file coords28.txt (compact mmCIF, C-alpha atoms and all ligand atoms)
# COMPACT_ATOMS: atom_id res chain seq x y z
CA MET A 30 94.63 130.54 98.82
CA SER A 31 95.57 126.97 99.79
CA ARG A 32 92.96 124.66 101.29
CA LYS A 33 92.74 124.54 105.08
CA MET A 34 92.75 121.00 106.44
CA ILE A 35 92.24 119.72 109.98
CA VAL A 36 93.83 116.43 110.99
CA ALA A 37 92.29 115.15 114.24
CA GLY A 38 94.83 112.90 115.97
CA GLY A 39 98.60 113.20 115.89
CA GLY A 40 99.79 109.57 115.88
CA ILE A 41 101.92 108.11 113.08
CA GLY A 42 99.03 108.42 110.61
CA GLY A 43 98.09 111.99 111.52
CA MET A 44 101.70 113.15 111.42
CA ALA A 45 102.39 111.40 108.11
CA ALA A 46 99.30 113.08 106.66
CA ALA A 47 100.32 116.47 108.02
CA LEU A 48 103.83 116.19 106.59
CA ALA A 49 102.64 114.89 103.21
CA LEU A 50 99.92 117.56 102.88
CA HIS A 51 102.22 120.33 104.10
CA ARG A 52 104.84 119.29 101.53
CA ALA A 53 102.06 119.28 98.90
CA GLY A 54 101.27 122.92 99.71
CA LEU A 55 98.10 122.59 101.83
CA ASP A 56 97.45 124.58 105.00
CA VAL A 57 97.23 121.71 107.51
CA THR A 58 96.96 121.63 111.32
CA VAL A 59 97.08 118.53 113.53
CA PHE A 60 94.96 118.59 116.70
CA GLU A 61 96.20 116.03 119.23
CA ARG A 62 94.58 115.32 122.59
CA ALA A 63 97.85 114.54 124.41
CA PRO A 64 99.44 117.50 126.18
CA ALA A 65 102.79 116.76 124.51
CA PHE A 66 104.33 114.35 122.03
CA ALA A 67 105.74 111.87 124.54
CA GLU A 68 107.97 108.80 124.10
CA VAL A 69 105.09 106.36 123.84
CA GLY A 70 105.07 102.90 122.31
CA THR A 71 107.84 100.47 121.59
CA GLY A 72 109.47 99.03 118.47
CA MET A 73 107.79 98.62 115.09
CA SER A 74 108.61 97.41 111.62
CA LEU A 75 108.52 99.56 108.52
CA TRP A 76 108.37 97.70 105.24
CA PRO A 77 109.56 98.78 101.75
CA ASN A 78 106.08 100.00 100.76
CA ALA A 79 106.25 102.56 103.60
CA THR A 80 109.97 103.44 103.40
CA ARG A 81 109.44 104.33 99.71
CA ILE A 82 106.96 107.00 100.85
CA LEU A 83 109.25 108.19 103.65
CA GLN A 84 111.91 108.62 100.96
CA SER A 85 109.55 110.76 98.87
CA LEU A 86 108.84 112.86 101.99
CA GLY A 87 112.59 113.40 102.41
CA VAL A 88 112.90 111.67 105.80
CA LEU A 89 114.21 108.20 104.90
CA GLU A 90 117.81 109.06 105.82
CA GLN A 91 116.82 110.12 109.34
CA VAL A 92 114.67 107.03 109.75
CA MET A 93 117.55 104.79 108.63
CA ALA A 94 119.92 106.56 111.00
CA ARG A 95 117.56 106.02 113.94
CA GLY A 96 116.47 102.45 113.15
CA GLU A 97 117.97 99.11 112.18
CA LEU A 98 117.86 97.66 108.66
CA VAL A 99 116.14 94.32 108.14
CA THR A 100 117.68 91.94 105.60
CA GLN A 101 116.03 88.66 106.59
CA PHE A 102 112.95 87.39 108.40
CA ASN A 103 113.34 83.99 110.09
CA LEU A 104 110.42 81.82 111.13
CA LEU A 105 111.45 79.39 113.89
CA ARG A 106 110.16 76.59 116.10
CA PRO A 107 110.30 76.97 119.89
CA ASP A 108 113.49 74.84 119.97
CA GLY A 109 115.13 77.26 117.53
CA ARG A 110 114.96 75.14 114.37
CA LEU A 111 114.20 77.09 111.22
CA ILE A 112 110.79 76.69 109.58
CA SER A 113 111.53 79.15 106.81
CA MET A 114 113.25 82.42 106.00
CA VAL A 115 112.34 85.34 103.77
CA PRO A 116 115.08 87.61 102.37
CA MET A 117 114.05 91.26 102.73
CA THR A 118 116.48 92.66 100.17
CA GLY A 119 115.91 93.53 96.51
CA TYR A 120 113.30 96.26 97.01
CA PRO A 121 114.06 99.87 95.96
CA THR A 122 113.92 101.00 99.60
CA PRO A 123 114.77 98.99 102.72
CA ALA A 124 112.76 97.30 105.44
CA LEU A 125 113.68 98.44 108.92
CA CYS A 126 112.69 98.38 112.56
CA MET A 127 112.76 101.33 114.90
CA HIS A 128 111.20 102.82 118.01
CA ARG A 129 107.74 104.25 117.29
CA ALA A 130 108.69 107.47 119.08
CA GLU A 131 111.67 107.96 116.74
CA LEU A 132 109.47 107.58 113.66
CA HIS A 133 106.91 109.93 115.17
CA ARG A 134 109.60 112.54 115.85
CA THR A 135 111.00 112.17 112.34
CA LEU A 136 107.55 112.95 110.94
CA TYR A 137 106.68 115.98 113.08
CA GLN A 138 110.10 117.66 113.36
CA PRO A 139 110.07 119.09 109.81
CA LEU A 140 106.63 120.68 110.37
CA PRO A 141 106.33 124.36 111.37
CA ALA A 142 105.06 124.81 114.95
CA ARG A 143 101.80 126.36 113.66
CA CYS A 144 100.86 122.96 112.15
CA LEU A 145 100.75 121.22 115.55
CA GLU A 146 98.26 121.82 118.35
CA THR A 147 98.44 119.63 121.44
CA ASN A 148 96.00 119.39 124.34
CA GLN A 149 93.07 119.52 121.90
CA VAL A 150 90.51 116.81 122.53
CA PHE A 151 88.32 116.47 119.44
CA GLN A 152 84.64 115.93 120.30
CA SER A 153 82.45 116.28 117.19
CA PHE A 154 82.04 117.98 113.82
CA THR A 155 79.34 119.62 111.73
CA GLN A 156 79.55 120.24 108.01
CA ASP A 157 77.74 122.52 105.57
CA ASP A 158 78.20 123.79 102.01
CA GLY A 159 81.09 126.01 103.07
CA GLY A 160 83.20 123.40 104.87
CA VAL A 161 83.49 121.74 108.27
CA THR A 162 83.61 122.87 111.89
CA ALA A 163 85.52 120.71 114.38
CA LYS A 164 84.57 121.05 118.03
CA PHE A 165 87.06 120.43 120.82
CA ALA A 166 86.78 120.04 124.59
CA GLY A 167 86.50 123.38 126.33
CA GLY A 168 84.28 124.82 123.58
CA HIS A 169 87.08 125.56 121.09
CA GLU A 170 85.85 125.41 117.46
CA VAL A 171 87.92 125.35 114.29
CA ARG A 172 86.62 125.96 110.78
CA ALA A 173 88.28 124.38 107.74
CA ASP A 174 87.70 123.13 104.21
CA GLY A 175 88.17 119.50 105.20
CA LEU A 176 88.58 117.17 108.19
CA ILE A 177 90.73 114.03 108.29
CA GLY A 178 90.00 111.70 111.20
CA ALA A 179 93.29 110.16 112.28
CA ASP A 180 92.15 109.49 115.85
CA GLY A 181 92.94 105.79 116.01
CA ILE A 182 91.04 102.56 116.53
CA ASN A 183 88.46 104.15 118.85
CA SER A 184 87.92 107.11 116.52
CA LEU A 185 85.17 109.53 117.49
CA ILE A 186 84.97 110.75 113.90
CA ARG A 187 84.32 107.22 112.69
CA ALA A 188 81.73 106.80 115.46
CA GLN A 189 79.95 110.01 114.41
CA LEU A 190 79.92 108.86 110.77
CA HIS A 191 79.12 105.19 111.22
CA GLY A 192 78.03 104.56 114.81
CA ALA A 193 80.05 103.46 117.82
CA GLU A 194 80.83 99.74 117.66
CA PRO A 195 83.61 98.25 119.78
CA PRO A 196 86.57 96.74 117.85
CA ALA A 197 86.41 92.99 117.19
CA TYR A 198 88.62 90.91 119.51
CA ARG A 199 90.50 88.16 117.65
CA GLY A 200 91.21 85.81 120.55
CA TYR A 201 94.78 86.53 121.67
CA CYS A 202 96.75 89.19 123.48
CA ILE A 203 100.14 90.70 122.66
CA TRP A 204 102.83 91.76 125.09
CA ARG A 205 105.63 94.02 123.95
CA GLY A 206 108.90 94.93 125.62
CA LEU A 207 112.25 96.62 125.01
CA ALA A 208 115.49 95.11 126.27
CA PRO A 209 119.12 96.13 125.92
CA ASP A 210 120.87 94.23 123.11
CA PRO A 211 122.57 91.24 124.77
CA GLY A 212 124.73 90.64 121.66
CA GLY A 213 124.78 87.42 119.67
CA LEU A 214 121.97 88.30 117.24
CA VAL A 215 122.76 88.30 113.52
CA ARG A 216 122.56 91.91 112.34
CA GLY A 217 119.67 92.54 109.99
CA HIS A 218 117.79 89.42 111.03
CA ILE A 219 114.39 89.56 112.71
CA SER A 220 112.51 86.46 113.78
CA GLU A 221 109.17 85.11 114.84
CA THR A 222 108.90 81.80 116.68
CA TRP A 223 105.68 79.85 116.32
CA GLY A 224 104.53 77.50 119.06
CA ALA A 225 101.04 76.19 119.76
CA GLY A 226 98.77 79.13 120.65
CA GLU A 227 101.83 81.26 121.41
CA ARG A 228 104.34 83.24 119.35
CA PHE A 229 107.45 85.26 120.16
CA GLY A 230 109.01 87.92 117.92
CA ILE A 231 112.45 89.55 118.10
CA MET A 232 113.31 92.82 116.30
CA PRO A 233 116.52 94.80 116.84
CA ILE A 234 115.44 98.46 116.55
CA GLY A 235 118.82 100.23 116.58
CA GLN A 236 120.77 102.02 119.27
CA ALA A 237 121.53 98.69 121.00
CA ARG A 238 117.88 97.96 121.79
CA ILE A 239 115.83 94.84 121.04
CA CYS A 240 112.06 94.96 120.79
CA TRP A 241 110.26 91.70 121.51
CA TYR A 242 106.62 90.73 121.36
CA ALA A 243 104.76 87.69 122.58
CA THR A 244 101.24 86.39 121.97
CA ARG A 245 98.95 83.99 123.76
CA ASN A 246 95.40 82.74 123.16
CA GLY A 247 92.79 83.62 125.74
CA PRO A 248 89.75 85.69 126.59
CA ARG A 249 89.80 89.49 126.38
CA SER A 250 92.27 90.95 128.86
CA GLN A 251 91.02 92.38 132.09
CA PRO A 252 92.93 95.42 133.32
CA ASP A 253 96.12 94.06 134.93
CA ALA A 254 99.10 95.51 136.73
CA ALA A 255 102.18 96.01 134.54
CA GLU A 256 104.27 94.40 137.30
CA GLY A 257 102.63 90.96 136.93
CA ARG A 258 103.16 90.82 133.18
CA LYS A 259 106.85 90.00 133.21
CA ALA A 260 106.42 86.93 135.38
CA GLU A 261 103.52 85.75 133.21
CA VAL A 262 105.46 86.08 129.95
CA LEU A 263 108.59 84.57 131.45
CA GLU A 264 106.64 81.58 132.65
CA LEU A 265 105.13 81.04 129.18
CA PHE A 266 108.39 81.31 127.23
CA ARG A 267 110.92 80.08 129.82
CA HIS A 268 111.85 77.01 127.76
CA TRP A 269 111.92 78.63 124.34
CA HIS A 270 115.17 78.88 122.39
CA GLY A 271 118.28 81.02 122.71
CA LEU A 272 117.82 84.55 123.87
CA ILE A 273 114.07 84.53 124.50
CA PRO A 274 114.03 84.06 128.30
CA ALA A 275 117.05 86.35 128.70
CA LEU A 276 115.37 89.14 126.72
CA ILE A 277 112.29 88.95 128.92
CA GLU A 278 114.47 88.91 132.06
CA ALA A 279 116.37 91.99 130.87
CA THR A 280 113.19 94.02 130.27
CA PRO A 281 112.11 96.52 132.93
CA ALA A 282 108.83 95.07 134.25
CA ALA A 283 106.92 98.35 134.32
CA SER A 284 107.64 99.01 130.64
CA ILE A 285 105.95 95.86 129.28
CA LEU A 286 102.87 96.77 127.23
CA LYS A 287 99.86 94.54 126.72
CA ASN A 288 97.21 94.81 123.98
CA ASP A 289 94.36 92.64 122.80
CA ALA A 290 94.56 91.74 119.10
CA CYS A 291 91.65 93.66 117.56
CA ASP A 292 90.49 94.94 114.22
CA ARG A 293 87.23 95.99 112.59
CA PRO A 294 85.32 94.75 109.53
CA ALA A 295 86.15 96.71 106.35
CA LEU A 296 84.17 99.92 105.97
CA ARG A 297 82.75 101.33 102.74
CA PRO A 298 82.74 104.32 102.18
CA TRP A 299 84.92 105.72 104.95
CA GLY A 300 83.75 109.34 105.00
CA ARG A 301 81.02 111.74 104.02
CA GLY A 302 81.21 115.18 102.39
CA VAL A 303 84.45 116.91 103.33
CA VAL A 304 85.23 114.48 106.15
CA THR A 305 87.31 111.33 105.73
CA LEU A 306 89.30 108.85 107.81
CA LEU A 307 92.91 107.69 107.75
CA GLY A 308 94.97 104.97 109.44
CA ASP A 309 93.48 102.98 112.31
CA SER A 310 90.33 105.09 112.39
CA ALA A 311 89.51 103.77 108.91
CA HIS A 312 91.07 100.29 108.87
CA PRO A 313 92.46 99.05 112.19
CA MET A 314 94.15 95.68 111.72
CA THR A 315 95.74 93.00 113.85
CA PRO A 316 99.52 93.45 114.00
CA ASN A 317 100.52 90.13 112.38
CA VAL A 318 102.00 91.60 109.21
CA GLY A 319 103.33 94.77 110.90
CA GLN A 320 101.55 96.95 108.35
CA GLY A 321 99.08 99.10 110.36
CA ALA A 322 101.27 102.19 110.49
CA CYS A 323 102.62 101.44 106.99
CA MET A 324 99.02 101.58 105.69
CA ALA A 325 98.46 104.90 107.47
CA ILE A 326 101.60 106.24 105.74
CA GLU A 327 100.27 104.98 102.39
CA ASP A 328 96.92 106.69 103.10
CA ALA A 329 98.77 109.95 103.74
CA ALA A 330 100.69 109.69 100.47
CA CYS A 331 97.48 108.96 98.57
CA LEU A 332 95.75 112.04 100.00
CA ALA A 333 98.74 114.22 99.17
CA LYS A 334 98.60 112.96 95.59
CA LEU A 335 94.89 113.62 95.13
CA LEU A 336 94.11 116.80 97.09
CA PRO A 337 96.33 119.51 95.58
CA GLY A 338 94.43 121.14 92.74
CA ALA A 339 91.34 118.92 93.14
CA PRO A 340 88.37 121.11 92.16
CA ASN A 341 85.99 119.31 94.55
CA LEU A 342 87.33 118.22 97.94
CA ALA A 343 84.46 115.83 98.74
CA ALA A 344 84.94 114.08 95.38
CA ALA A 345 88.70 113.86 95.98
CA PHE A 346 88.07 112.27 99.40
CA ARG A 347 85.77 109.65 97.82
CA THR A 348 88.42 108.86 95.18
CA TYR A 349 91.00 108.49 97.96
CA GLU A 350 88.70 106.12 99.86
CA ARG A 351 88.04 103.99 96.78
CA ARG A 352 91.77 103.72 96.08
CA ARG A 353 92.60 102.76 99.64
CA GLN A 354 89.69 100.45 100.47
CA THR A 355 90.74 97.43 98.42
CA ARG A 356 94.37 97.66 99.45
CA THR A 357 93.78 98.10 103.17
CA ALA A 358 91.02 95.47 103.31
CA PHE A 359 93.38 92.98 101.61
CA ILE A 360 96.21 93.64 104.10
CA ALA A 361 93.82 93.51 107.08
CA ARG A 362 92.47 90.16 105.84
CA GLN A 363 95.97 88.75 105.38
CA SER A 364 96.90 89.88 108.86
CA ARG A 365 93.80 88.34 110.42
CA ARG A 366 94.45 85.03 108.60
CA ILE A 367 98.08 84.86 109.70
CA GLY A 368 96.92 85.55 113.24
CA ILE A 369 94.42 82.70 113.11
CA ILE A 370 96.95 80.21 111.68
CA GLY A 371 99.82 81.46 113.85
CA GLN A 372 97.71 80.94 116.99
CA TRP A 373 96.66 77.37 116.21
CA GLU A 374 97.04 75.09 119.23
CA ASN A 375 96.29 71.58 117.95
CA PRO A 376 99.69 69.77 117.60
CA LEU A 377 98.73 68.07 114.33
CA MET A 378 97.52 71.33 112.80
CA VAL A 379 100.68 73.06 114.04
CA ARG A 380 102.89 70.47 112.31
CA GLY A 381 100.88 70.78 109.09
CA ARG A 382 101.03 74.56 109.33
CA ASN A 383 104.80 74.59 109.72
CA PHE A 384 105.25 72.21 106.79
CA ILE A 385 102.97 74.15 104.44
CA THR A 386 104.39 77.52 105.49
CA ARG A 387 107.87 76.27 104.57
CA LEU A 388 106.66 75.26 101.10
CA VAL A 389 104.73 78.48 100.53
CA LEU A 390 107.56 80.80 101.59
CA ALA A 391 110.10 78.85 99.49
CA ARG A 392 108.48 79.85 96.18
CA PRO A 393 110.76 82.46 94.58
CA PRO A 394 109.72 85.18 94.16
CA ASP A 395 106.75 85.22 96.46
CA LEU A 396 104.05 87.06 94.55
CA GLN A 397 101.99 87.82 97.65
CA LEU A 398 104.95 89.49 99.33
CA ASN A 399 105.73 91.51 96.22
CA ALA A 400 102.12 92.67 96.09
CA VAL A 401 102.52 93.98 99.63
CA TYR A 402 106.04 95.44 99.55
CA ALA A 403 106.40 96.66 95.96
CA TYR A 404 103.07 98.52 96.02
CA GLU A 405 103.11 102.09 94.74
CA VAL A 406 100.42 104.51 95.93
C1 LIG A 501 100.97 95.21 119.24
C2 LIG A 501 101.02 96.07 118.01
C3 LIG A 501 102.13 96.03 117.19
C4 LIG A 501 102.17 96.79 116.01
N1 LIG A 501 103.27 96.73 115.21
C5 LIG A 501 103.30 97.42 114.04
C6 LIG A 501 104.43 97.37 113.17
O1 LIG A 501 105.42 96.71 113.46
N2 LIG A 501 104.38 98.06 112.00
C7 LIG A 501 103.30 98.81 111.64
O2 LIG A 501 103.30 99.42 110.56
N3 LIG A 501 102.21 98.90 112.45
C8 LIG A 501 102.19 98.22 113.62
N4 LIG A 501 101.11 98.32 114.46
C9 LIG A 501 99.96 99.13 114.06
C10 LIG A 501 100.21 100.60 114.30
O3 LIG A 501 100.65 100.81 115.62
C11 LIG A 501 98.95 101.39 114.03
O4 LIG A 501 98.35 100.93 112.84
C12 LIG A 501 99.29 102.85 113.86
O5 LIG A 501 99.90 103.34 115.02
C13 LIG A 501 98.02 103.63 113.54
O6 LIG A 501 98.33 104.99 113.52
P1 LIG A 501 97.16 106.05 113.64
O7 LIG A 501 97.84 107.36 113.60
O8 LIG A 501 96.11 105.74 112.66
O9 LIG A 501 96.51 105.79 115.07
P2 LIG A 501 97.14 105.99 116.52
O10 LIG A 501 98.58 105.65 116.52
O11 LIG A 501 96.26 105.28 117.46
O12 LIG A 501 97.04 107.55 116.75
C14 LIG A 501 95.83 108.18 117.05
C15 LIG A 501 96.15 109.52 117.68
O13 LIG A 501 94.94 110.22 117.83
C16 LIG A 501 94.90 110.78 119.13
N5 LIG A 501 93.49 110.93 119.50
C17 LIG A 501 92.60 109.95 119.77
N6 LIG A 501 91.41 110.46 120.07
C18 LIG A 501 91.53 111.80 119.97
C19 LIG A 501 90.65 112.89 120.16
N7 LIG A 501 89.38 112.70 120.51
N8 LIG A 501 91.10 114.15 119.96
C20 LIG A 501 92.39 114.38 119.59
N9 LIG A 501 93.29 113.38 119.42
C21 LIG A 501 92.86 112.11 119.60
C22 LIG A 501 95.66 109.80 120.00
O14 LIG A 501 96.14 110.40 121.20
C23 LIG A 501 96.79 109.39 119.06
O15 LIG A 501 97.89 110.26 119.14
C24 LIG A 501 101.06 97.59 115.66
C25 LIG A 501 99.95 97.66 116.51
C26 LIG A 501 99.93 96.91 117.67
C27 LIG A 501 98.71 96.98 118.57

call {"tool": "encode", "arguments": {"input": "coords28.txt", "output": "structure tokens", "more": "lines below"}}
Ligand SMILES: Cc1cc2nc3c(=O)[nH]c(=O)nc-3n(C[C@H](O)[C@H](O)[C@H](O)COP(=O)(O)OP(=O)(O)OC[C@H]3O[C@@H](n4cnc5c(N)ncnc54)[C@H](O)[C@@H]3O)c2cc1C
result
Amino acid sequence: MSRKMIVAGGGIGGMAAALALHRAGLDVTVFERAPAFAEVGTGMSLWPNATRILQSLGVLEQVMARGELVTQFNLLRPDGRLISMVPMTGYPTPALCMHRAELHRTLYQPLPARCLETNQVFQSFTQDDGGVTAKFAGGHEVRADGLIGADGINSLIRAQLHGAEPPAYRGYCIWRGLAPDPGGLVRGHISETWGAGERFGIMPIGQARICWYATRNGPRSQPDAAEGRKAEVLELFRHWHGLIPALIEATPAASILKNDACDRPALRPWGRGVVTLLGDSAHPMTPNVGQGACMAIEDAACLAKLLPGAPNLAAAFRTYERRRQTRTAFIARQSRRIGIIGQWENPLMVRGRNFITRLVLARPPDLQLNAVYAYEV
């Protein structure tokens, strides 16, 4: 009989784990608190390290059909002058941008209905020699051989294992919006524009839609009305180059999302017994390298490699954690550093930063980038 696995949380990480484990022959069920899988989120980038795994899961073609290929990343100044560019070609699988909801759908559509349970709010677990019992709101209990906590940055499973600490705020907020494609963008090019304490990113995500994001230094956000966000962002980026003000103008005000940039210190080990963590519950990171979901997809592939046939599930979980800890801590550190440097405000430091970044990114081939994108789980 195949092992019975519970995945708590049906975001990108939980769904990637469910698909990978299902394809590997395990009996897996995702328990998601939302009543339905809705169109939440906005655009996101998927880099070659993640698209390679999507290819092995047999869903890369759908992802490519729903998203937009990325061939070049441009780093710009607020007046539009180029600081540097990074070609995104030459990897076995492409980089692309797409709507989060489209990726989510691509991951859960191939799963049989019995693998997905919505409206299930995970509350706690107990474990014993025979396995694990997950407890859900309303008194529902589910018994399984193993539990994978994929319940995001505020994971209850992580809190039960390691204590409830709030995520660490890194000093800037991020707005995100979706606008209709106004035309005039070079196909395949994405960009980030670095100012002083502010950044603006542009990513075409396919189907004539452009995702943008903007950052600004400041204290932790207080709850704010979505309506005021558009005017605030427009005011900040009104004089930035080309399409930036027009993209903000063309974005429906109520759809603009705002997040604080947060992560958590690296955790070691992630789980205990037949319970482990995956994705943001294990290693939430700031979004500066666009790798949070990509890391969750890598986690899923690693589990699917190690679990089938493993004689001891707890030992297999610890091997998984050891394999993933170094990699995810490295990416989270890189992301935090880029966030710190990218948010510098001092004009002299900003000029030095732009100069050095140009030199660093000009080295062919960039070993750091290869370490990130050419990684095999
Ligand atoms: C501004 C921003 C931009 C980003 N851009 C990118 C990008 O371009 N590329 C990239 O790879 N990553 C990006 N990320 C990171 C990425 O969004 C996350 O790393 C990724 O979504 C994590 O997936 P996850 O499944 O681990 O967690 P989540 O997506 O948070 O999913 C957790 C799921 O668990 C459910 N859940 C929570 N609690 C419970 C409970 N008690 N019971 C049952 N279910 C529960 C939630 O409803 C949710 O569905 C970005 C993040 C931010 C904030």

call {"tool": "residues_near_ligand", "arguments": {"input": "coords28.txt", "ligand": "ligand LIG 501 (chain A)", "cutoff": "8 Å", "atoms": "all atoms listed in the file", "output": "PyMOL selection string"}}
result
chain A and resi 37-44+60-63+72-76+126+148-152+165+179-185+203-205+242+287-291+307-311+313-325

call {"tool": "atom_distance", "arguments": {"input": "coords28.txt", "atom1": "CA of Asp253 (chain A)", "atom2": "CA of Trp241 (chain A)"}}
result
19.6 Å

call {"tool": "closest_residue", "arguments": {"input": "coords28.txt", "among": "A:Ala124, A:Leu55, A:Ile370, A:Ile234", "to": "Thr80 (chain A)", "atoms": "all atoms listed in the file"}}
result
A:Ala124

call {"tool": "atom_distance", "arguments": {"input": "coords28.txt", "atom1": "CA of Asn375 (chain A)", "atom2": "CA of Ala225 (chain A)"}}
result
6.9 Å

call {"tool": "closest_residue", "arguments": {"input": "coords28.txt", "among": "A:Asn383, A:Thr100, A:Thr58, A:Thr305", "to": "Ile186 (chain A)", "atoms": "only C-alpha atoms"}}
result
A:Thr305

call {"tool": "build_atoms", "arguments": {"input": "coords28.txt", "residues": "region 320-343 of chain A", "atoms": "N, CA and C atoms", "output": "CSV table (one decimal), in the frame of the given file"}}
result
chain,number,residue,atom,x,y,z
A,320,GLN,N,101.8,96.0,109.4
A,320,GLN,CA,101.6,97.0,108.4
A,320,GLN,C,100.6,98.1,108.7
A,321,GLY,N,100.1,98.1,110.0
A,321,GLY,CA,99.1,99.1,110.4
A,321,GLY,C,99.6,100.5,110.1
A,322,ALA,N,100.7,100.8,110.7
A,322,ALA,CA,101.3,102.2,110.5
A,322,ALA,C,101.7,102.4,109.0
A,323,CYS,N,102.2,101.3,108.4
A,323,CYS,CA,102.6,101.4,107.0
A,323,CYS,C,101.4,101.8,106.1
A,324,MET,N,100.2,101.2,106.4
A,324,MET,CA,99.0,101.6,105.7
A,324,MET,C,98.6,103.0,105.9
A,325,ALA,N,98.8,103.5,107.2
A,325,ALA,CA,98.5,104.9,107.5
A,325,ALA,C,99.4,105.8,106.7
A,326,ILE,N,100.6,105.4,106.5
A,326,ILE,CA,101.6,106.2,105.7
A,326,ILE,C,101.2,106.2,104.3
A,327,GLU,N,100.8,105.0,103.8
A,327,GLU,CA,100.3,105.0,102.4
A,327,GLU,C,99.0,105.9,102.2
A,328,ASP,N,98.1,105.8,103.2
A,328,ASP,CA,96.9,106.7,103.1
A,328,ASP,C,97.3,108.2,102.9
A,329,ALA,N,98.3,108.6,103.8
A,329,ALA,CA,98.8,110.0,103.7
A,329,ALA,C,99.3,110.3,102.4
A,330,ALA,N,100.1,109.4,101.8
A,330,ALA,CA,100.7,109.7,100.5
A,330,ALA,C,99.6,109.8,99.4
A,331,CYS,N,98.6,109.0,99.5
A,331,CYS,CA,97.5,109.0,98.6
A,331,CYS,C,96.7,110.3,98.6
A,332,LEU,N,96.4,110.7,99.9
A,332,LEU,CA,95.8,112.0,100.0
A,332,LEU,C,96.6,113.2,99.4
A,333,ALA,N,97.9,113.1,99.7
A,333,ALA,CA,98.7,114.2,99.2
A,333,ALA,C,98.8,114.2,97.6
A,334,LYS,N,98.6,113.1,97.0
A,334,LYS,CA,98.6,113.0,95.6
A,334,LYS,C,97.3,113.5,95.0
A,335,LEU,N,96.2,113.3,95.7
A,335,LEU,CA,94.9,113.6,95.1
A,335,LEU,C,94.4,115.0,95.5
A,336,LEU,N,94.8,115.6,96.6
A,336,LEU,CA,94.1,116.8,97.1
A,336,LEU,C,94.6,118.1,96.4
A,337,PRO,N,95.9,118.2,96.2
A,337,PRO,CA,96.3,119.5,95.6
A,337,PRO,C,95.7,119.7,94.2
A,338,GLY,N,95.0,120.8,94.0
A,338,GLY,CA,94.4,121.1,92.7
A,338,GLY,C,93.1,120.4,92.5
A,339,ALA,N,92.6,119.6,93.4
A,339,ALA,CA,91.3,118.9,93.1
A,339,ALA,C,90.2,120.0,93.2
A,340,PRO,N,89.4,120.1,92.2
A,340,PRO,CA,88.4,121.1,92.2
A,340,PRO,C,87.3,120.9,93.2
A,341,ASN,N,87.1,119.6,93.6
A,341,ASN,CA,86.0,119.3,94.6
A,341,ASN,C,86.6,118.4,95.6
A,342,LEU,N,86.7,119.0,96.9
A,342,LEU,CA,87.3,118.2,97.9
A,342,LEU,C,86.6,116.9,98.3
A,343,ALA,N,85.2,117.0,98.4
A,343,ALA,CA,84.5,115.8,98.7
A,343,ALA,C,84.7,114.7,97.7
